[in-house]
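Text of start_2.cif, listed as mmCIF, C-alpha atoms:
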```cif
data_structure
loop_
_atom_site.group_PDB
_atom_site.id
_atom_site.type_symbol
_atom_site.label_atom_id
_atom_site.label_comp_id
_atom_site.auth_asym_id
_atom_site.auth_seq_id
_atom_site.Cartn_x
_atom_site.Cartn_y
_atom_site.Cartn_z
ATOM 1 C CA MET A 1 -117.260 57.427 -36.801
ATOM 2 C CA GLU A 2 -115.718 58.792 -33.628
ATOM 3 C CA SER A 3 -115.101 55.638 -31.620
ATOM 4 C CA VAL A 4 -113.462 52.374 -32.653
ATOM 5 C CA MET A 5 -113.008 49.330 -30.462
ATOM 6 C CA ALA A 6 -111.186 46.113 -31.199
ATOM 7 C CA GLU A 7 -110.435 42.957 -29.243
ATOM 8 C CA GLY A 8 -107.186 41.121 -29.899
ATOM 9 C CA GLY A 9 -106.669 37.377 -29.846
ATOM 10 C CA SER A 10 -109.918 36.105 -31.324
ATOM 11 C CA ALA A 11 -108.207 33.497 -33.449
ATOM 12 C CA SER A 12 -105.441 32.632 -31.018
ATOM 13 C CA ASP A 13 -107.065 33.471 -27.717
ATOM 14 C CA PRO A 14 -104.769 32.325 -24.869
ATOM 15 C CA ILE A 15 -107.799 31.511 -22.765
ATOM 16 C CA SER A 16 -109.094 28.882 -25.143
ATOM 17 C CA SER A 17 -105.965 27.644 -26.911
ATOM 18 C CA THR A 18 -104.001 24.529 -25.993
ATOM 19 C CA THR A 19 -101.652 25.377 -23.141
ATOM 20 C CA ALA A 20 -98.082 24.225 -22.563
ATOM 21 C CA ALA A 21 -99.329 22.384 -19.486
ATOM 22 C CA GLY A 22 -101.871 20.557 -21.646
ATOM 23 C CA ARG A 23 -99.068 18.991 -23.662
ATOM 24 C CA HIS A 24 -97.781 17.384 -20.459
ATOM 25 C CA LYS A 25 -101.160 16.274 -19.134
ATOM 26 C CA SER A 26 -100.319 12.551 -19.121
ATOM 27 C CA ARG A 27 -97.134 13.139 -17.110
ATOM 28 C CA LEU A 28 -99.090 15.236 -14.628
ATOM 29 C CA TYR A 29 -101.619 12.412 -14.185
ATOM 30 C CA ILE A 30 -98.856 9.873 -13.529
ATOM 31 C CA ALA A 31 -97.131 12.150 -11.022
ATOM 32 C CA LEU A 32 -100.453 12.874 -9.273
ATOM 33 C CA THR A 33 -101.239 9.144 -9.012
ATOM 34 C CA LEU A 34 -97.806 8.382 -7.549
ATOM 35 C CA THR A 35 -97.979 11.273 -5.090
ATOM 36 C CA THR A 36 -101.527 10.567 -3.890
ATOM 37 C CA THR A 37 -100.932 6.835 -3.495
ATOM 38 C CA PHE A 38 -97.795 7.331 -1.473
ATOM 39 C CA MET A 39 -99.389 10.102 0.600
ATOM 40 C CA ILE A 40 -101.967 7.558 1.841
ATOM 41 C CA ILE A 41 -99.200 5.031 2.530
ATOM 42 C CA GLU A 42 -97.237 7.681 4.405
ATOM 43 C CA VAL A 43 -100.189 8.581 6.649
ATOM 44 C CA ILE A 44 -100.621 4.897 7.541
ATOM 45 C CA GLY A 45 -96.867 4.546 7.980
ATOM 46 C CA GLY A 46 -96.786 7.608 10.223
ATOM 47 C CA LEU A 47 -99.613 6.391 12.469
ATOM 48 C CA TRP A 48 -98.122 2.897 12.844
ATOM 49 C CA PRO A 49 -94.635 3.807 14.158
ATOM 50 C CA GLY A 50 -96.045 6.989 15.739
ATOM 51 C CA SER A 51 -93.938 9.399 13.665
ATOM 52 C CA LEU A 52 -95.067 13.015 13.523
ATOM 53 C CA ALA A 53 -92.348 13.686 10.948
ATOM 54 C CA LEU A 54 -93.970 11.187 8.580
ATOM 55 C CA ILE A 55 -97.441 12.635 9.174
ATOM 56 C CA ALA A 56 -96.078 16.136 8.598
ATOM 57 C CA ASP A 57 -94.385 14.982 5.404
ATOM 58 C CA ALA A 58 -97.695 13.422 4.314
ATOM 59 C CA ALA A 59 -99.290 16.861 4.741
ATOM 60 C CA HIS A 60 -96.408 18.232 2.722
ATOM 61 C CA MET A 61 -97.163 15.697 -0.013
ATOM 62 C CA LEU A 62 -100.750 16.946 0.095
ATOM 63 C CA THR A 63 -99.413 20.271 -1.179
ATOM 64 C CA ASP A 64 -97.750 18.391 -4.042
ATOM 65 C CA ALA A 65 -100.989 16.562 -4.878
ATOM 66 C CA GLY A 66 -102.831 19.892 -4.660
ATOM 67 C CA GLY A 67 -100.387 21.585 -7.006
ATOM 68 C CA LEU A 68 -100.594 18.737 -9.522
ATOM 69 C CA ALA A 69 -104.388 18.599 -9.253
ATOM 70 C CA LEU A 70 -104.682 22.369 -9.759
ATOM 71 C CA ALA A 71 -102.614 22.159 -12.929
ATOM 72 C CA LEU A 72 -104.874 19.385 -14.226
ATOM 73 C CA ILE A 73 -108.032 21.232 -13.168
ATOM 74 C CA ALA A 74 -106.847 24.299 -15.075
ATOM 75 C CA ILE A 75 -106.262 22.204 -18.183
ATOM 76 C CA ARG A 76 -109.590 20.411 -17.822
ATOM 77 C CA PHE A 77 -111.656 23.567 -17.406
ATOM 78 C CA ALA A 78 -109.690 25.508 -20.018
ATOM 79 C CA GLU A 79 -110.703 22.863 -22.534
ATOM 80 C CA ARG A 80 -114.396 23.453 -21.895
ATOM 81 C CA PRO A 81 -116.138 25.906 -24.255
ATOM 82 C CA ARG A 82 -117.352 29.275 -23.123
ATOM 83 C CA THR A 83 -121.038 29.844 -22.558
ATOM 84 C CA PRO A 84 -123.238 32.955 -22.606
ATOM 85 C CA GLN A 85 -123.334 32.739 -18.798
ATOM 86 C CA ASN A 86 -119.537 32.223 -18.461
ATOM 87 C CA THR A 87 -117.902 34.261 -21.203
ATOM 88 C CA PHE A 88 -114.387 33.456 -19.940
ATOM 89 C CA GLY A 89 -115.232 29.773 -19.537
ATOM 90 C CA TYR A 90 -114.430 28.053 -16.253
ATOM 91 C CA VAL A 91 -110.746 28.836 -15.894
ATOM 92 C CA ARG A 92 -111.263 30.750 -12.622
ATOM 93 C CA MET A 93 -111.930 27.420 -10.881
ATOM 94 C CA GLU A 94 -108.150 27.018 -10.642
ATOM 95 C CA VAL A 95 -107.925 30.158 -8.524
ATOM 96 C CA LEU A 96 -110.770 29.099 -6.220
ATOM 97 C CA SER A 97 -109.164 25.662 -5.780
ATOM 98 C CA ALA A 98 -105.820 27.272 -4.975
ATOM 99 C CA LEU A 99 -107.447 29.490 -2.353
ATOM 100 C CA THR A 100 -109.164 26.499 -0.714
ATOM 101 C CA ASN A 101 -105.956 24.487 -0.834
ATOM 102 C CA ALA A 102 -103.999 27.268 0.868
ATOM 103 C CA VAL A 103 -106.504 27.654 3.727
ATOM 104 C CA VAL A 104 -106.604 23.886 4.364
ATOM 105 C CA LEU A 105 -102.808 23.674 4.390
ATOM 106 C CA LEU A 106 -102.471 26.528 6.877
ATOM 107 C CA LEU A 107 -104.918 24.730 9.192
ATOM 108 C CA LEU A 108 -102.906 21.515 8.770
ATOM 109 C CA THR A 109 -99.737 23.366 9.733
ATOM 110 C CA VAL A 110 -101.362 24.629 12.938
ATOM 111 C CA TYR A 111 -102.344 21.049 13.799
ATOM 112 C CA ILE A 112 -98.838 19.728 13.089
ATOM 113 C CA LEU A 113 -97.242 22.386 15.304
ATOM 114 C CA TYR A 114 -99.731 21.620 18.087
ATOM 115 C CA GLU A 115 -98.927 17.905 17.868
ATOM 116 C CA ALA A 116 -95.207 18.677 17.919
ATOM 117 C CA TYR A 117 -95.674 20.713 21.118
ATOM 118 C CA GLN A 118 -97.605 17.868 22.745
ATOM 119 C CA ARG A 119 -94.887 15.396 21.813
ATOM 120 C CA PHE A 120 -92.202 17.615 23.300
ATOM 121 C CA LEU A 121 -94.100 17.429 26.582
ATOM 122 C CA ASN A 122 -94.801 13.685 26.351
ATOM 123 C CA PRO A 123 -92.520 11.988 23.785
ATOM 124 C CA PRO A 124 -94.153 8.765 22.471
ATOM 125 C CA GLU A 125 -92.297 5.589 21.591
ATOM 126 C CA ILE A 126 -91.341 5.573 17.894
ATOM 127 C CA ILE A 127 -90.472 2.544 15.772
ATOM 128 C CA GLY A 128 -87.553 3.835 13.710
ATOM 129 C CA GLY A 129 -87.234 0.999 11.191
ATOM 130 C CA PRO A 130 -90.667 1.256 9.496
ATOM 131 C CA MET A 131 -90.402 5.059 9.609
ATOM 132 C CA LEU A 132 -87.076 4.882 7.739
ATOM 133 C CA ALA A 133 -88.436 2.412 5.149
ATOM 134 C CA VAL A 134 -91.496 4.568 4.359
ATOM 135 C CA ALA A 135 -89.358 7.710 4.091
ATOM 136 C CA VAL A 136 -86.955 6.053 1.618
ATOM 137 C CA ILE A 137 -89.872 4.948 -0.587
ATOM 138 C CA GLY A 138 -91.199 8.522 -0.432
ATOM 139 C CA LEU A 139 -87.858 9.867 -1.617
ATOM 140 C CA ILE A 140 -87.902 7.477 -4.590
ATOM 141 C CA VAL A 141 -91.480 8.511 -5.500
ATOM 142 C CA ASN A 142 -90.511 12.186 -5.395
ATOM 143 C CA LEU A 143 -87.460 11.624 -7.601
ATOM 144 C CA ILE A 144 -89.609 9.797 -10.186
ATOM 145 C CA SER A 145 -92.175 12.626 -10.170
ATOM 146 C CA MET A 146 -89.415 15.219 -10.576
ATOM 147 C CA LYS A 147 -88.105 13.350 -13.603
ATOM 148 C CA LEU A 148 -91.591 13.248 -15.141
ATOM 149 C CA LEU A 149 -92.144 16.990 -14.675
ATOM 150 C CA SER A 150 -88.667 18.323 -15.444
ATOM 151 C CA ALA A 151 -89.260 18.806 -19.195
ATOM 152 C CA GLY A 152 -92.636 20.528 -18.769
ATOM 153 C CA SER A 153 -91.296 22.849 -16.054
ATOM 154 C CA ALA A 154 -89.275 24.683 -18.699
ATOM 155 C CA GLU A 155 -92.407 25.394 -20.783
ATOM 156 C CA SER A 156 -95.285 25.955 -18.360
ATOM 157 C CA LEU A 157 -95.606 27.971 -15.160
ATOM 158 C CA ASN A 158 -98.267 25.530 -13.949
ATOM 159 C CA VAL A 159 -95.967 22.548 -14.430
ATOM 160 C CA LYS A 160 -93.045 24.490 -12.967
ATOM 161 C CA GLY A 161 -95.085 25.154 -9.822
ATOM 162 C CA ALA A 162 -95.920 21.446 -9.547
ATOM 163 C CA TYR A 163 -92.243 20.600 -10.113
ATOM 164 C CA PHE A 164 -91.164 22.883 -7.266
ATOM 165 C CA GLU A 165 -93.817 21.318 -5.027
ATOM 166 C CA VAL A 166 -92.318 17.866 -5.622
ATOM 167 C CA LEU A 167 -88.778 19.208 -5.255
ATOM 168 C CA SER A 168 -89.543 20.719 -1.853
ATOM 169 C CA ASP A 169 -91.231 17.515 -0.706
ATOM 170 C CA MET A 170 -88.155 15.567 -1.749
ATOM 171 C CA LEU A 171 -86.243 17.700 0.743
ATOM 172 C CA GLY A 172 -88.917 16.871 3.351
ATOM 173 C CA SER A 173 -88.423 13.164 2.706
ATOM 174 C CA LEU A 174 -84.712 13.617 3.307
ATOM 175 C CA GLY A 175 -85.568 15.237 6.641
ATOM 176 C CA VAL A 176 -87.700 12.256 7.668
ATOM 177 C CA ILE A 177 -84.893 9.881 6.691
ATOM 178 C CA VAL A 178 -82.525 11.804 8.944
ATOM 179 C CA ALA A 179 -85.020 11.664 11.834
ATOM 180 C CA ALA A 180 -85.560 7.922 11.374
ATOM 181 C CA ALA A 181 -81.830 7.254 11.181
ATOM 182 C CA VAL A 182 -81.254 9.194 14.422
ATOM 183 C CA VAL A 183 -84.006 7.210 16.180
ATOM 184 C CA VAL A 184 -82.599 3.884 14.942
ATOM 185 C CA LEU A 185 -78.963 4.701 15.779
ATOM 186 C CA THR A 186 -79.310 6.693 19.003
ATOM 187 C CA GLY A 187 -82.869 6.165 20.252
ATOM 188 C CA TRP A 188 -83.312 9.943 20.658
ATOM 189 C CA GLN A 189 -87.097 10.330 20.262
ATOM 190 C CA LEU A 190 -87.283 14.140 20.331
ATOM 191 C CA VAL A 191 -85.731 14.397 16.875
ATOM 192 C CA ASP A 192 -89.109 13.308 15.411
ATOM 193 C CA PRO A 193 -91.205 16.255 16.686
ATOM 194 C CA ILE A 194 -88.332 18.646 15.928
ATOM 195 C CA ILE A 195 -88.195 17.622 12.260
ATOM 196 C CA GLY A 196 -92.003 17.287 12.142
ATOM 197 C CA ALA A 197 -92.355 20.908 13.282
ATOM 198 C CA GLY A 198 -89.650 21.940 10.799
ATOM 199 C CA ILE A 199 -91.506 20.322 7.894
ATOM 200 C CA GLY A 200 -94.738 21.967 9.064
ATOM 201 C CA LEU A 201 -93.072 25.381 9.130
ATOM 202 C CA PHE A 202 -91.566 24.721 5.706
ATOM 203 C CA ILE A 203 -95.124 24.511 4.313
ATOM 204 C CA VAL A 204 -96.098 27.965 5.603
ATOM 205 C CA PRO A 205 -94.108 30.271 3.235
ATOM 206 C CA ARG A 206 -95.197 28.378 0.099
ATOM 207 C CA THR A 207 -98.787 28.221 1.295
ATOM 208 C CA TRP A 208 -98.799 31.918 2.178
ATOM 209 C CA ILE A 209 -97.485 32.799 -1.291
ATOM 210 C CA LEU A 210 -100.173 30.610 -2.867
ATOM 211 C CA LEU A 211 -102.847 32.316 -0.754
ATOM 212 C CA LYS A 212 -101.616 35.807 -1.679
ATOM 213 C CA GLN A 213 -101.484 34.940 -5.386
ATOM 214 C CA ALA A 214 -105.028 33.549 -5.356
ATOM 215 C CA VAL A 215 -106.407 36.591 -3.514
ATOM 216 C CA HIS A 216 -104.466 38.940 -5.798
ATOM 217 C CA ILE A 217 -106.058 37.350 -8.878
ATOM 218 C CA LEU A 218 -109.551 37.391 -7.362
ATOM 219 C CA MET A 219 -109.055 41.091 -6.534
ATOM 220 C CA GLU A 220 -108.237 41.723 -10.228
ATOM 221 C CA GLY A 221 -104.708 42.761 -9.281
ATOM 222 C CA THR A 222 -102.094 43.597 -11.888
ATOM 223 C CA PRO A 223 -99.962 40.576 -12.865
ATOM 224 C CA PRO A 224 -96.589 40.864 -11.073
ATOM 225 C CA GLU A 225 -94.623 40.581 -14.315
ATOM 226 C CA ILE A 226 -96.389 43.605 -15.852
ATOM 227 C CA ASP A 227 -94.816 47.045 -15.379
ATOM 228 C CA MET A 228 -97.845 49.333 -15.663
ATOM 229 C CA THR A 229 -95.756 52.506 -15.907
ATOM 230 C CA LEU A 230 -93.790 51.108 -18.822
ATOM 231 C CA LEU A 231 -96.943 49.748 -20.488
ATOM 232 C CA GLU A 232 -98.719 53.098 -20.307
ATOM 233 C CA ARG A 233 -95.631 54.849 -21.665
ATOM 234 C CA LYS A 234 -95.466 52.440 -24.618
ATOM 235 C CA LEU A 235 -99.073 53.229 -25.500
ATOM 236 C CA SER A 236 -98.593 56.966 -25.027
ATOM 237 C CA GLU A 237 -95.608 56.944 -27.395
ATOM 238 C CA LEU A 238 -97.655 55.539 -30.288
ATOM 239 C CA PRO A 239 -98.145 58.010 -33.158
ATOM 240 C CA GLU A 240 -101.281 60.149 -32.832
ATOM 241 C CA VAL A 241 -102.029 58.982 -29.266
ATOM 242 C CA ILE A 242 -102.485 62.007 -27.008
ATOM 243 C CA ALA A 243 -103.808 60.229 -23.866
ATOM 244 C CA VAL A 244 -104.392 56.807 -22.320
ATOM 245 C CA HIS A 245 -107.401 56.264 -20.049
ATOM 246 C CA ASP A 246 -109.121 53.405 -18.198
ATOM 247 C CA LEU A 247 -106.040 51.213 -18.461
ATOM 248 C CA HIS A 248 -106.477 47.834 -16.766
ATOM 249 C CA VAL A 249 -104.397 44.649 -16.792
ATOM 250 C CA TRP A 250 -105.540 41.631 -14.817
ATOM 251 C CA THR A 251 -105.158 37.863 -14.617
ATOM 252 C CA ILE A 252 -108.076 35.638 -15.542
ATOM 253 C CA THR A 253 -106.236 32.503 -14.442
ATOM 254 C CA SER A 254 -102.610 31.357 -14.339
ATOM 255 C CA GLY A 255 -100.964 32.095 -17.676
ATOM 256 C CA ALA A 256 -103.946 34.048 -19.051
ATOM 257 C CA ASP A 257 -103.701 37.824 -18.660
ATOM 258 C CA ALA A 258 -106.012 40.417 -20.191
ATOM 259 C CA MET A 259 -105.773 44.147 -20.880
ATOM 260 C CA SER A 260 -108.246 46.900 -21.759
ATOM 261 C CA CYS A 261 -107.879 50.635 -22.276
ATOM 262 C CA HIS A 262 -109.059 53.749 -24.087
ATOM 263 C CA LEU A 263 -106.657 55.510 -26.457
ATOM 264 C CA ILE A 264 -107.404 59.138 -27.275
ATOM 265 C CA ILE A 265 -106.276 60.392 -30.714
ATOM 266 C CA THR A 266 -106.882 63.516 -32.751
ATOM 267 C CA ASP A 267 -107.528 61.980 -36.183
ATOM 268 C CA MET A 268 -109.984 59.063 -36.253
ATOM 269 C CA SER A 269 -108.900 58.134 -39.787
ATOM 270 C CA LEU A 270 -105.710 56.716 -38.207
ATOM 271 C CA ALA A 271 -107.638 54.481 -35.795
ATOM 272 C CA PRO A 272 -107.012 51.164 -37.659
ATOM 273 C CA ALA A 273 -103.261 51.757 -37.804
ATOM 274 C CA THR A 274 -103.187 52.806 -34.156
ATOM 275 C CA LEU A 275 -105.083 49.685 -33.117
ATOM 276 C CA THR A 276 -102.668 47.452 -35.013
ATOM 277 C CA ALA A 277 -99.630 49.175 -33.502
ATOM 278 C CA ALA A 278 -101.055 49.017 -29.974
ATOM 279 C CA GLN A 279 -101.905 45.321 -30.223
ATOM 280 C CA ALA A 280 -98.456 44.536 -31.610
ATOM 281 C CA ALA A 281 -96.767 46.450 -28.781
ATOM 282 C CA MET A 282 -98.804 44.606 -26.142
ATOM 283 C CA LYS A 283 -97.922 41.225 -27.666
ATOM 284 C CA THR A 284 -94.246 41.925 -28.303
ATOM 285 C CA ASP A 285 -93.319 43.823 -25.147
ATOM 286 C CA PHE A 286 -95.714 42.346 -22.559
ATOM 287 C CA ASN A 287 -96.897 39.025 -24.043
ATOM 288 C CA LEU A 288 -100.507 40.232 -23.865
ATOM 289 C CA SER A 289 -102.706 38.738 -26.585
ATOM 290 C CA HIS A 290 -106.147 39.110 -24.997
ATOM 291 C CA VAL A 291 -106.507 42.883 -25.338
ATOM 292 C CA THR A 292 -109.495 45.161 -25.811
ATOM 293 C CA ILE A 293 -108.655 48.685 -26.997
ATOM 294 C CA GLN A 294 -111.164 51.444 -27.667
ATOM 295 C CA ILE A 295 -110.005 54.433 -29.684
ATOM 296 C CA GLU A 296 -111.813 57.744 -29.332
ATOM 297 C CA THR A 297 -111.374 61.334 -30.353
ATOM 298 C CA ASP A 298 -110.501 63.924 -27.757
ATOM 299 C CA SER A 299 -113.891 65.632 -28.144
ATOM 300 C CA LEU A 300 -115.811 62.380 -27.645
ATOM 301 C CA TRP A 301 -113.762 61.466 -24.575
ATOM 302 C CA LYS A 302 -114.407 64.867 -22.978
ATOM 303 C CA ALA A 303 -118.139 64.576 -23.675
ATOM 304 C CA GLU A 304 -118.300 61.092 -22.145
ATOM 305 C CA SER A 305 -116.274 62.208 -19.114
ATOM 306 C CA LYS A 306 -118.632 65.124 -18.517
ATOM 307 C CA GLN A 307 -121.630 62.750 -18.602
ATOM 308 C CA ARG A 308 -119.879 60.266 -16.320
ATOM 309 C CA TYR A 309 -118.905 62.788 -13.666
#
```
Encoding of this model in structure tokens:
Amino acid sequence: MESVMAEGGSASDPISSTTAAGRHKSRLYIALTLTTTFMIIEVIGGLWPGSLALIADAAHMLTDAGGLALALIAIRFAERPRTPQNTFGYVRMEVLSALTNAVVLLLLTVYILYEAYQRFLNPPEIIGGPMLAVAVIGLIVNLISMKLLSAGSAESLNVKGAYFEVLSDMLGSLGVIVAAAVVVLTGWQLVDPIIGAGIGLFIVPRTWILLKQAVHILMEGTPPEIDMTLLERKLSELPEVIAVHDLHVWTITSGADAMSCHLIITDMSLAPATLTAAQAAMKTDFNLSHVTIQIETDSLWKAESKQRY
């Protein structure tokens, strides 16, 4: 036998096992319900007193709801079994949802900035009292959601992302409170479009990062936490390994990375030991459990390369 291939993680496959986010599913549902309900209230509250800052903060809360929903979607689809047509299951739906969410949010930001410009030219009359009351309720909702997600944020990247979404929106609510207080105390109406535009711009960096991450995953890019040079060196330093070829590491969905490669050795009788050592190194040094490693002899690799090229 000149070629041996093995796939790691069949019993404890990270793509199908219970995730850290799954253990906090109920808290995510509660936080999503609170955020979505108040987002609707905030839109109504923004249209009534005529506050762009409130409407902008409602768009900001949409990012929170999106982040929470994406975490739940990932859990939901990860729990579904694989099929012959979808051998990785449906976990990529999280990435597609994130991409859609990012595009919608960028379009919302353009609209918010346009509205802010129009209000600079023709400032509308704003009712500061209702605006202040809605903003205070929003701050309370965000603080409750942060409390719900704080424990899970230490265990799961998905929950941590949702936690940071709520944290940033809490800062947005503080901004709206400041705008409302200025309107109530001084009557200066321009503070509303100024803070509204500021909240809109605050969405852009997070949304842009989300967009880049989604595209990077869809392009089968290397996970940012993986040092490919170091990984290849670790494999090359294994006993009997004389070359590493076709090395790939990619993300299937958030928290689920995969790796495949060819290891070239001189003595095929050492293939089982080499496979075990390689899988252990990937798990210990890079936290990669879903690995597929094919071991070949130098002569077989050269023959296959000649046929390929």
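This file, filtered with the PyMOL selection byres ((chain A and resi 195) around 9), gives the residues Leu52, Ala53, Ala56, Gly172, Gly175, Val176, Val178, Ala179, Leu190, Val191, Asp192, Pro193, Ile194, Gly196, Ala197, Gly198, Ile199 and Gly200 of chain A.
Of the listed residues (A:Thr253, A:Leu28, A:Thr100, A:Ala162), A:Thr253 comes nearest to Ala78 in chain A; the distances count only C-alpha atoms.
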Exercise for review: Run the PyMOL selection byres ((chain A and resi 271) around 10) on the file and write out the hits as a ChimeraX atom specification.
Suggested key: /A:2-5,240-241,263-270,272-277,294-297
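Every residue that the PyMOL selection byres ((chain A and resi 163) around 7) selects in this file is listed here: A:Met146, A:Leu149, A:Ser150, A:Ser153, A:Val159, A:Lys160, A:Gly161, A:Ala162, A:Phe164, A:Glu165, A:Val166, A:Leu167.
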Selection from above, C-alpha atoms, as a CSV table (one decimal), in the coordinates of the input, can you write it?
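This is the output file result32.csv:
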```csv
chain,number,residue,atom,x,y,z
A,146,MET,CA,-89.4,15.2,-10.6
A,149,LEU,CA,-92.1,17.0,-14.7
A,150,SER,CA,-88.7,18.3,-15.4
A,153,SER,CA,-91.3,22.8,-16.1
A,159,VAL,CA,-96.0,22.5,-14.4
A,160,LYS,CA,-93.0,24.5,-13.0
A,161,GLY,CA,-95.1,25.2,-9.8
A,162,ALA,CA,-95.9,21.4,-9.5
A,164,PHE,CA,-91.2,22.9,-7.3
A,165,GLU,CA,-93.8,21.3,-5.0
A,166,VAL,CA,-92.3,17.9,-5.6
A,167,LEU,CA,-88.8,19.2,-5.3
```
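Computed from the coordinates, the CA of Ser254 in chain A to CA of Asp169 in chain A distance equals 22.5 Å.
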**Study point:** Pick from A:Gln118, A:Thr109, A:Asn142, A:Thr87, whichever lies nearest to Thr37 in chain A using all atoms listed in the file
**Key:** A:Asn142
For range 95-101 of chain A in the structure I just supplied, write out all heavy atoms - as a PDB file, in the first residue's frame.
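Result file is part_14.pdb:
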```pdb
ATOM      1  N   VAL A  95     -23.104  32.181   7.156  1.00  0.00           N
ATOM      2  CA  VAL A  95     -22.246  33.083   6.395  1.00  0.00           C
ATOM      3  C   VAL A  95     -23.070  33.874   5.384  1.00  0.00           C
ATOM      4  O   VAL A  95     -22.883  35.083   5.215  1.00  0.00           O
ATOM      5  CB  VAL A  95     -21.130  32.292   5.687  1.00  0.00           C
ATOM      6  CG1 VAL A  95     -20.176  33.233   4.971  1.00  0.00           C
ATOM      7  CG2 VAL A  95     -20.373  31.432   6.694  1.00  0.00           C
ATOM      8  N   LEU A  96     -23.996  33.201   4.701  1.00  0.00           N
ATOM      9  CA  LEU A  96     -24.852  33.885   3.732  1.00  0.00           C
ATOM     10  C   LEU A  96     -25.736  34.918   4.421  1.00  0.00           C
ATOM     11  O   LEU A  96     -25.947  36.025   3.897  1.00  0.00           O
ATOM     12  CB  LEU A  96     -25.711  32.863   2.986  1.00  0.00           C
ATOM     13  CG  LEU A  96     -24.948  31.857   2.110  1.00  0.00           C
ATOM     14  CD1 LEU A  96     -25.898  30.829   1.527  1.00  0.00           C
ATOM     15  CD2 LEU A  96     -24.209  32.582   0.996  1.00  0.00           C
ATOM     16  N   SER A  97     -26.248  34.595   5.606  1.00  0.00           N
ATOM     17  CA  SER A  97     -27.061  35.554   6.364  1.00  0.00           C
ATOM     18  C   SER A  97     -26.233  36.754   6.784  1.00  0.00           C
ATOM     19  O   SER A  97     -26.698  37.897   6.740  1.00  0.00           O
ATOM     20  CB  SER A  97     -27.664  34.865   7.594  1.00  0.00           C
ATOM     21  OG  SER A  97     -28.529  33.834   7.222  1.00  0.00           O
ATOM     22  N   ALA A  98     -24.998  36.501   7.206  1.00  0.00           N
ATOM     23  CA  ALA A  98     -24.114  37.599   7.613  1.00  0.00           C
ATOM     24  C   ALA A  98     -23.830  38.526   6.436  1.00  0.00           C
ATOM     25  O   ALA A  98     -23.813  39.759   6.590  1.00  0.00           O
ATOM     26  CB  ALA A  98     -22.808  37.041   8.170  1.00  0.00           C
ATOM     27  N   LEU A  99     -23.607  37.954   5.263  1.00  0.00           N
ATOM     28  CA  LEU A  99     -23.337  38.758   4.078  1.00  0.00           C
ATOM     29  C   LEU A  99     -24.549  39.634   3.739  1.00  0.00           C
ATOM     30  O   LEU A  99     -24.405  40.836   3.466  1.00  0.00           O
ATOM     31  CB  LEU A  99     -23.002  37.836   2.904  1.00  0.00           C
ATOM     32  CG  LEU A  99     -22.624  38.511   1.585  1.00  0.00           C
ATOM     33  CD1 LEU A  99     -21.324  39.288   1.729  1.00  0.00           C
ATOM     34  CD2 LEU A  99     -22.493  37.473   0.477  1.00  0.00           C
ATOM     35  N   THR A 100     -25.742  39.049   3.770  1.00  0.00           N
ATOM     36  CA  THR A 100     -26.962  39.815   3.500  1.00  0.00           C
ATOM     37  C   THR A 100     -27.161  40.910   4.527  1.00  0.00           C
ATOM     38  O   THR A 100     -27.487  42.056   4.188  1.00  0.00           O
ATOM     39  CB  THR A 100     -28.186  38.873   3.505  1.00  0.00           C
ATOM     40  OG1 THR A 100     -27.982  37.838   2.539  1.00  0.00           O
ATOM     41  CG2 THR A 100     -29.455  39.632   3.175  1.00  0.00           C
ATOM     42  N   ASN A 101     -26.938  40.577   5.787  1.00  0.00           N
ATOM     43  CA  ASN A 101     -27.081  41.544   6.869  1.00  0.00           C
ATOM     44  C   ASN A 101     -26.141  42.732   6.678  1.00  0.00           C
ATOM     45  O   ASN A 101     -26.524  43.895   6.855  1.00  0.00           O
ATOM     46  CB  ASN A 101     -26.801  40.853   8.208  1.00  0.00           C
ATOM     47  CG  ASN A 101     -27.131  41.728   9.393  1.00  0.00           C
ATOM     48  OD1 ASN A 101     -27.979  42.599   9.323  1.00  0.00           O
ATOM     49  ND2 ASN A 101     -26.459  41.484  10.499  1.00  0.00           N
TER      50      ASN A 101
END
```
